[in-house]
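> So here's target-v4.txt, just compact mmCIF, C-alpha atoms:
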# COMPACT_ATOMS: atom_id res chain seq x y z
CA MET I 1 73.99 86.70 60.03
CA ALA I 2 75.28 88.05 56.72
CA THR I 3 75.19 85.92 53.57
CA LEU I 4 77.25 86.67 50.49
CA THR I 5 76.23 85.16 47.14
CA ALA I 6 78.24 85.43 43.96
CA GLU I 7 77.82 84.23 40.38
CA LEU I 8 80.97 85.05 38.41
CA SER I 9 82.07 84.47 34.82
CA HIS I 10 85.28 85.95 33.48
CA PRO I 11 87.77 84.96 30.75
CA LEU I 12 91.34 84.35 31.90
CA ARG I 13 94.47 83.53 29.92
CA SER I 14 93.71 79.94 28.90
CA PHE I 15 90.30 79.25 30.44
CA ALA I 16 87.25 81.01 31.85
CA LEU I 17 86.41 81.46 35.51
CA GLU I 18 82.92 80.06 36.12
CA LEU I 19 82.01 80.16 39.79
CA SER I 20 78.94 80.12 42.03
CA LEU I 21 79.32 80.68 45.78
CA GLU I 22 77.17 81.25 48.85
CA VAL I 23 79.05 82.13 52.03
CA GLY I 24 77.46 82.74 55.43
CA ALA I 25 79.09 83.69 58.73
CA GLU I 26 81.97 81.27 58.18
CA THR I 27 85.45 81.00 56.74
CA LEU I 28 85.58 79.58 53.22
CA ALA I 29 88.96 78.72 51.73
CA LEU I 30 89.51 78.55 47.99
CA VAL I 31 92.48 76.31 47.34
CA GLY I 32 94.18 75.23 44.16
CA PRO I 33 97.29 75.64 42.05
CA SER I 34 98.70 79.00 41.00
CA GLY I 35 96.76 80.53 38.14
CA ALA I 36 93.53 78.68 38.95
CA GLY I 37 91.54 81.91 39.33
CA LYS I 38 91.54 82.22 43.13
CA SER I 39 92.82 85.80 43.34
CA THR I 40 90.50 86.80 40.48
CA VAL I 41 87.57 85.81 42.69
CA LEU I 42 88.80 88.07 45.51
CA ARG I 43 89.40 90.99 43.16
CA ALA I 44 85.91 90.64 41.70
CA LEU I 45 84.30 90.52 45.16
CA ALA I 46 86.29 93.56 46.30
CA GLY I 47 85.35 95.53 43.18
CA LEU I 48 88.93 95.69 41.87
CA LEU I 49 87.97 93.69 38.79
CA ARG I 50 84.76 93.86 36.75
CA PRO I 51 83.86 90.33 35.59
CA ALA I 52 82.46 89.82 32.10
CA ARG I 53 79.26 88.51 33.62
CA GLY I 54 78.08 88.14 37.16
CA ARG I 55 76.08 89.13 40.18
CA ILE I 56 77.27 89.75 43.76
CA VAL I 57 74.78 90.29 46.59
CA LEU I 58 75.28 90.72 50.33
CA ASP I 59 72.07 90.38 52.35
CA GLY I 60 69.95 91.97 49.62
CA ASP I 61 72.46 94.72 48.81
CA VAL I 62 73.45 94.29 45.17
CA TRP I 63 77.14 95.06 44.67
CA LEU I 64 77.32 93.82 41.12
CA ASP I 65 74.79 92.92 38.45
CA ARG I 66 76.27 93.14 34.98
CA SER I 67 72.89 92.50 33.32
CA ARG I 68 71.45 95.62 35.02
CA GLY I 69 74.57 97.76 34.85
CA VAL I 70 75.09 97.78 38.62
CA ASP I 71 78.73 97.97 39.80
CA VAL I 72 79.25 99.43 43.28
CA PRO I 73 82.77 100.89 43.61
CA PRO I 74 85.26 99.24 45.99
CA GLU I 75 85.09 101.97 48.64
CA LEU I 76 81.33 101.44 49.03
CA ARG I 77 81.35 97.62 49.21
CA SER I 78 82.17 97.28 52.92
CA VAL I 79 84.98 94.82 52.27
CA GLY I 80 88.10 94.29 54.34
CA LEU I 81 90.97 93.05 52.15
CA LEU I 82 94.16 91.54 53.50
CA PHE I 83 96.91 91.47 50.88
CA GLN I 84 99.47 88.68 50.60
CA ASP I 85 102.35 90.93 51.67
CA TYR I 86 100.10 92.77 54.21
CA ALA I 87 100.87 96.13 52.48
CA LEU I 88 101.57 97.92 55.77
CA PHE I 89 103.03 101.42 55.62
CA PRO I 90 106.64 101.04 56.82
CA HIS I 91 106.97 104.68 57.91
CA MET I 92 103.83 104.62 60.07
CA SER I 93 103.32 103.19 63.54
CA VAL I 94 101.19 100.12 64.18
CA ARG I 95 98.38 102.29 65.50
CA ALA I 96 98.54 104.61 62.48
CA ASN I 97 98.45 101.63 60.14
CA VAL I 98 95.34 100.24 61.82
CA ALA I 99 93.70 103.67 61.88
CA TYR I 100 94.38 104.35 58.19
CA GLY I 101 91.13 104.93 56.32
CA THR I 102 88.85 105.14 59.36
CA ARG I 103 87.78 107.90 61.74
CA GLU I 104 86.54 105.50 64.40
CA LEU I 105 89.55 105.82 66.70
CA ARG I 106 87.72 104.01 69.50
CA THR I 107 87.40 101.02 67.16
CA VAL I 108 91.13 101.20 66.47
CA ASP I 109 91.99 101.01 70.18
CA GLU I 110 89.56 98.13 70.66
CA LEU I 111 91.16 96.21 67.79
CA LEU I 112 94.66 96.78 69.14
CA GLU I 113 93.63 95.23 72.43
CA ARG I 114 91.52 92.48 70.85
CA PHE I 115 94.45 91.28 68.75
CA ALA I 116 96.97 91.69 71.59
CA ILE I 117 99.03 94.32 69.79
CA GLY I 118 98.25 97.31 72.01
CA HIS I 119 101.77 97.24 73.41
CA LEU I 120 103.08 97.60 69.85
CA ALA I 121 101.03 100.71 69.06
CA ARG I 122 104.09 102.97 68.64
CA ALA I 123 106.29 100.40 66.87
CA ARG I 124 106.75 100.34 63.11
CA PRO I 125 106.16 97.25 60.94
CA GLY I 126 109.89 96.64 60.48
CA GLU I 127 110.35 96.37 64.24
CA ILE I 128 107.83 93.58 64.87
CA SER I 129 107.58 89.88 63.98
CA GLY I 130 105.81 88.34 60.99
CA GLY I 131 102.96 87.08 63.15
CA GLU I 132 102.54 90.51 64.72
CA ARG I 133 102.51 92.16 61.28
CA GLN I 134 99.75 89.80 60.25
CA ARG I 135 97.66 90.76 63.27
CA VAL I 136 98.17 94.42 62.43
CA ALA I 137 97.04 93.79 58.85
CA VAL I 138 93.91 91.92 59.99
CA ALA I 139 93.12 94.68 62.49
CA ARG I 140 93.47 97.32 59.76
CA ALA I 141 91.18 95.32 57.46
CA LEU I 142 88.56 95.22 60.22
CA ALA I 143 88.94 98.84 61.34
CA ARG I 144 86.29 100.02 58.87
CA SER I 145 83.82 97.45 60.26
CA PRO I 146 83.51 95.54 56.97
CA ARG I 147 80.69 93.11 56.34
CA VAL I 148 82.97 90.76 54.37
CA LEU I 149 86.65 89.92 54.93
CA LEU I 150 88.88 88.73 52.06
CA LEU I 151 92.36 87.28 52.62
CA ASP I 152 94.83 86.67 49.79
CA GLU I 153 97.40 83.99 50.76
CA PRO I 154 97.45 85.24 54.38
CA LEU I 155 100.37 83.01 55.44
CA ALA I 156 102.52 83.13 52.30
CA ALA I 157 104.76 85.90 53.62
CA LEU I 158 105.83 83.83 56.65
CA ASP I 159 108.76 81.45 56.98
CA ALA I 160 108.05 77.79 57.69
CA HIS I 161 108.99 78.09 61.38
CA THR I 162 106.61 80.99 62.00
CA ARG I 163 103.82 79.72 59.76
CA ALA I 164 102.52 76.95 62.04
CA THR I 165 102.28 79.26 65.06
CA VAL I 166 100.63 82.11 63.18
CA ARG I 167 98.24 79.68 61.49
CA GLY I 168 96.81 78.81 64.90
CA GLU I 169 96.60 82.47 65.93
CA LEU I 170 94.79 83.42 62.73
CA HIS I 171 92.30 80.59 63.23
CA GLU I 172 91.36 82.04 66.62
CA LEU I 173 90.98 85.53 65.14
CA LEU I 174 88.74 84.37 62.29
CA ALA I 175 86.59 82.12 64.48
CA GLY I 176 85.22 85.06 66.45
CA LEU I 177 84.36 87.41 63.57
CA GLU I 178 80.86 86.13 62.68
CA LEU I 179 80.95 87.44 59.12
CA PRO I 180 81.67 85.95 55.68
CA VAL I 181 85.41 85.36 55.34
CA ILE I 182 86.93 84.13 52.08
CA LEU I 183 90.60 83.30 51.88
CA VAL I 184 92.64 81.91 49.04
CA THR I 185 95.67 79.67 49.42
CA HIS I 186 97.58 76.99 47.54
CA ASP I 187 98.28 75.14 50.80
CA PHE I 188 95.69 72.57 51.91
CA GLU I 189 97.10 72.53 55.45
CA ASP I 190 96.30 76.25 55.76
CA ALA I 191 92.76 75.60 54.55
CA LEU I 192 92.41 72.58 56.84
CA THR I 193 93.28 74.69 59.88
CA LEU I 194 91.57 77.97 59.03
CA ALA I 195 88.39 77.15 57.11
CA ASP I 196 84.95 75.78 57.90
CA ARG I 197 84.55 74.82 54.24
CA VAL I 198 87.04 74.37 51.42
CA GLY I 199 86.52 74.78 47.69
CA VAL I 200 89.09 73.24 45.34
CA LEU I 201 89.40 75.54 42.33
CA VAL I 202 91.15 74.27 39.20
CA ASP I 203 91.15 76.03 35.82
CA GLY I 204 88.43 78.40 36.98
CA ARG I 205 85.97 75.76 38.18
CA LEU I 206 85.19 74.19 41.54
CA ARG I 207 86.17 70.53 41.57
CA GLN I 208 84.69 70.03 45.04
CA LEU I 209 83.24 72.10 47.89
CA GLY I 210 82.80 70.77 51.41
CA THR I 211 84.26 70.59 54.88
CA PRO I 212 87.93 69.60 55.13
CA GLY I 213 86.80 66.26 56.53
CA GLU I 214 84.49 65.64 53.59
CA LEU I 215 87.28 66.31 51.09
CA VAL I 216 89.59 63.89 52.86
CA ALA I 217 86.94 61.19 53.35
CA ALA I 218 85.50 61.32 49.83
CA PRO I 219 87.64 63.23 47.30
CA ALA I 220 85.70 63.89 44.11
CA ASP I 221 88.59 63.17 41.75
CA PRO I 222 92.31 62.35 41.70
CA PHE I 223 93.32 66.02 41.81
CA VAL I 224 91.38 66.64 45.02
CA ALA I 225 92.76 63.44 46.54
CA ARG I 226 96.35 64.37 45.74
CA PHE I 227 95.82 67.96 46.84
CA THR I 228 94.58 66.79 50.24
CA GLY I 229 97.73 64.72 50.66
CA ALA I 230 96.70 61.24 49.57
CA ASN I 231 98.84 58.64 47.83
CA LEU I 232 97.42 57.67 44.43
CA VAL I 233 98.03 54.27 42.89
CA PRO I 234 96.42 53.77 39.43
CA GLY I 235 94.81 50.52 38.36
CA VAL I 236 91.63 48.81 37.22
CA ALA I 237 88.95 47.84 39.74
CA VAL I 238 87.11 44.51 39.38
CA ALA I 239 84.75 42.57 41.65
CA GLY I 240 86.74 40.41 44.05
CA ALA I 241 86.05 37.73 46.65
CA ASP I 242 84.30 38.23 50.01
CA GLY I 243 82.63 41.46 48.88
CA LEU I 244 85.96 43.23 48.30
CA THR I 245 87.04 45.08 45.18
CA GLU I 246 90.32 44.03 43.62
CA ILE I 247 92.44 46.73 42.04
CA ILE I 248 94.77 45.34 39.40
CA LEU I 249 97.61 47.85 39.53
CA ASP I 250 99.06 49.41 36.39
CA ALA I 251 102.52 48.74 37.80
CA GLY I 252 101.71 45.09 38.50
CA GLY I 253 100.18 43.23 41.43
CA SER I 254 96.87 43.83 43.19
CA MET I 255 95.41 45.72 46.12
CA TRP I 256 92.03 45.51 47.80
CA SER I 257 89.32 47.93 48.89
CA THR I 258 85.99 47.63 50.68
CA GLU I 259 84.52 50.24 48.31
CA ILE I 260 82.50 49.03 45.33
CA LEU I 261 83.64 50.37 41.97
CA THR I 262 84.71 48.98 38.62
CA GLY I 263 86.86 50.30 35.79
CA PRO I 264 89.95 52.55 35.78
CA VAL I 265 90.53 53.99 39.27
CA ALA I 266 93.10 55.63 41.46
CA LEU I 267 93.41 53.83 44.78
CA THR I 268 93.95 56.55 47.38
CA VAL I 269 95.32 56.13 50.88
CA TYR I 270 96.56 58.81 53.26
CA PRO I 271 100.09 58.66 54.72
CA TRP I 272 98.88 58.43 58.32
CA GLU I 273 96.85 55.31 57.47
CA ILE I 274 99.97 53.37 56.43
CA ALA I 275 101.95 51.30 58.92
CA LEU I 276 105.56 50.18 58.54
CA SER I 277 107.03 46.87 59.60
CA ARG I 278 109.83 44.49 58.78
CA GLU I 279 107.53 41.55 57.98
CA VAL I 280 104.54 41.14 55.64
CA PRO I 281 101.27 41.14 57.67
CA SER I 282 99.43 37.83 57.90
CA ASP I 283 95.98 39.41 57.51
CA SER I 284 94.85 38.90 53.90
CA ALA I 285 92.58 42.00 54.11
CA VAL I 286 95.66 44.21 54.56
CA ASN I 287 97.38 45.67 51.50
CA HIS I 288 101.13 45.79 51.55
CA VAL I 289 104.11 46.95 49.53
CA ARG I 290 107.60 45.62 50.20
CA ALA I 291 110.34 47.87 48.80
CA PRO I 292 113.53 49.72 49.76
CA ILE I 293 113.02 53.00 51.59
CA GLY I 294 113.51 55.83 49.13
CA ARG I 295 113.58 58.73 51.58
CA ILE I 296 112.99 59.60 55.22
CA THR I 297 111.91 63.18 55.95
CA ALA I 298 111.75 64.30 59.59
CA LEU I 299 108.72 66.42 60.55
CA GLY I 300 109.18 67.27 64.21
CA ASN I 301 108.12 64.21 66.22
CA ARG I 302 106.93 62.45 63.05
CA ALA I 303 108.54 61.38 59.79
CA ARG I 304 107.48 60.75 56.21
CA VAL I 305 108.90 57.58 54.71
CA THR I 306 108.78 56.80 50.97
CA VAL I 307 108.29 53.10 50.22
CA GLY I 308 107.79 52.25 46.53
CA PRO I 309 104.76 54.23 45.29
CA LEU I 310 103.64 55.12 48.83
CA VAL I 311 104.51 57.77 51.38
CA ALA I 312 103.81 56.77 54.98
CA GLU I 313 103.71 59.13 57.95
CA VAL I 314 104.83 57.54 61.22
CA THR I 315 106.16 58.67 64.57
CA ALA I 316 109.84 59.42 65.01
CA ALA I 317 109.78 56.73 67.71
CA SER I 318 108.69 54.17 65.10
CA VAL I 319 111.60 55.16 62.85
CA GLU I 320 113.99 54.58 65.73
CA ARG I 321 112.31 51.37 66.94
CA LEU I 322 112.38 49.78 63.47
CA ALA I 323 115.86 51.18 62.79
CA LEU I 324 114.64 52.51 59.44
CA ALA I 325 117.26 53.73 56.99
CA GLU I 326 117.18 54.84 53.38
CA GLY I 327 117.87 51.99 50.97
CA GLU I 328 116.78 49.24 53.36
CA PRO I 329 113.71 47.08 52.56
CA VAL I 330 110.56 47.63 54.61
CA VAL I 331 106.88 46.71 54.38
CA ALA I 332 104.24 49.46 54.08
CA SER I 333 100.75 48.17 54.82
CA PHE I 334 97.22 49.52 55.15
CA LYS I 335 93.75 48.06 55.59
CA ALA I 336 91.29 47.56 52.75
CA THR I 337 88.92 49.91 54.61
CA ALA I 338 91.49 52.72 54.20
CA ALA I 339 91.74 52.20 50.44
CA ARG I 340 89.41 54.72 48.84
CA LEU I 341 88.67 54.49 45.12
CA VAL I 342 88.41 57.49 42.81
CA PRO I 343 87.32 56.90 39.21
CA LEU I 344 89.69 57.89 36.44
CA ALA I 345 88.24 59.48 33.32
Take the structure in this file and express it as structure tokens.

Amino acid sequence: MATLTAELSHPLRSFALELSLEVGAETLALVGPSGAGKSTVLRALAGLLRPARGRIVLDGDVWLDRSRGVDVPPELRSVGLLFQDYALFPHMSVRANVAYGTRELRTVDELLERFAIGHLARARPGEISGGERQRVAVARALARSPRVLLLDEPLAALDAHTRATVRGELHELLAGLELPVILVTHDFEDALTLADRVGVLVDGRLRQLGTPGELVAAPADPFVARFTGANLVPGVAVAGADGLTEIILDAGGSMWSTEILTGPVALTVYPWEIALSREVPSDSAVNHVRAPIGRITALGNRARVTVGPLVAEVTAASVERLALAEGEPVVASFKATAARLVPLA
């Protein structure tokens, strides 16, 4: 199995990219806000950008070593690159797009069948759907039998309706490749679905690297917690009764956690861990907020409901059963075991 290692250092507009990665036969997602340095990483790996300092090695083959003056050109790096807008040739057929840049026509036909686009071989990109265009772009990236696949915002060109379906299709495609795949995205849900591991990149540095489950279960800092979808409630943690930690909230009142920590913290809780009711729970180990509903946002068979500083995610059936309406008071509650604590600097 191939292993890609990279040590990169490069000045950007207001900070420097400083990154160390090792990627095996897996999909690694780099997530973070716009301008964090994600696309710079892809360009450096592909050979489209020469970092100020760095070393890139794939299974002993040195692609870049600035200290030794080694810089293998892009065409010799065996990299498949999928651009954000797919960059398909509009005047060429699907088959011609996939075949572009390779003489292995047998490989082209195999890819068309593998990605279920053989029946589209004579169609042009403008005549097929967004999901089909994505499959064509992935097939073209793989037509040269690359040893590394790079994807730049692979779902950004899709509308919200198409995105969820294509996300699942792309996951199936990537799962069977058995080579290092690195994709960049600003959407944690894309990373959650597509990647084996996720790296949160902010201002050119990795805040945290781990499986999606690890990032959700133990976010390294408030940014990672918020990026993964958690509610954050700031306060000061002090030792409480019965082995619990009391969080004295900045906005007033207290909440409780089973985690042990003291000092300034952000209490984090995920929307799906919050229940809604009309009455305050009797269990003293359950945190609760009673406030008017600020907003109800339907998400298919679920809904997101804003209650004070919290956003809860509940079933549409629960919204109907409780007769929830914006402006009406409701109680949002969650267990102390669901209250994770992240230290604030």
> Using all atoms listed in the file, can you tell me which of I:Ser14, I:Thr5, I:Thr27, I:Thr337 comes closest to Leu194 of chain I?
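Counting all atoms listed in the file, the residue closest to Leu194 of chain I is I:Thr27.
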> Could you produce a table of the residues of segment 280-310 of chain I lying within 12 Å of segment 220-240 of chain I, with the nearest pair of atoms per residue and their separation in Å rounded to one decimal, using all atoms listed in the file, ordered by chain and increasing residue number, as CSV?

residue,atom,partner,partner_atom,distance
I:Ala285,CA,I:Gly240,CA,11.7
I:Val289,CA,I:Val233,CA,11.6
I:Arg304,CA,I:Gly229,CA,11.9
I:Thr306,CA,I:Asn231,CA,10.6
I:Val307,CA,I:Asn231,CA,11.2
I:Gly308,CA,I:Val233,CA,10.6
I:Pro309,CA,I:Val233,CA,7.1
I:Leu310,CA,I:Asn231,CA,6.0
> List the residues sitting within 8 Å of (83.9, 92.4, 55.1) in the file's frame, using only C-alpha atoms, as a ChimeraX atom specification.
/I:78-81,142,145-150,179-181
> Can you work out which one of I:Ala217, I:Leu249, I:Ala52, I:Ala99 has the shortest atom-to-atom distance to Gly69 of chain I, counting only C-alpha atoms?
I:Ala52
> Which polymer residues, whether protein, DNA or RNA, lie within 9 Å of the coordinate (100.4, 49.6, 60.9) when you count all atoms listed in the file? List them as an MDAnalysis selection string, using the chain letters and numbers from the file.
chainID I and resid 273:277 332:335
> Quote the spacing between atom CA of Asp187 of chain I and atom CA of Pro343 of chain I in Å to one decimal place.
24.2 Å
> Using only C-alpha atoms, pick whichever of I:Leu111, I:Leu267, I:Ile128, I:Leu151 has the shortest atom-to-atom distance to Ser39 of chain I.
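Using only C-alpha atoms, Ser39 of chain I sits closest to I:Leu151.
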> Which value, in Å to one decimal, gives the distance between atom CA of Ser34 of chain I and atom CA of Arg50 of chain I?
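Spanning atom CA of Ser34 of chain I to atom CA of Arg50 of chain I is a straight-line distance of 20.8 Å.
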> Centre and edge lengths of an axis-aligned box around all listed atoms of segment 241-259 of chain I, with 6 Å added on each side, are to be given in Å to one decimal, as JSON.

{"center_x": 92.6, "center_y": 44.0, "center_z": 43.5, "size_x": 31.9, "size_y": 24.5, "size_z": 26.3}
> Please indicate the distance in Å from atom CA of Gly24 of chain I to atom CA of Leu58 of chain I, rounded to one decimal place.
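Atom CA of Leu58 of chain I lies at a distance of 9.7 Å from atom CA of Gly24 of chain I.
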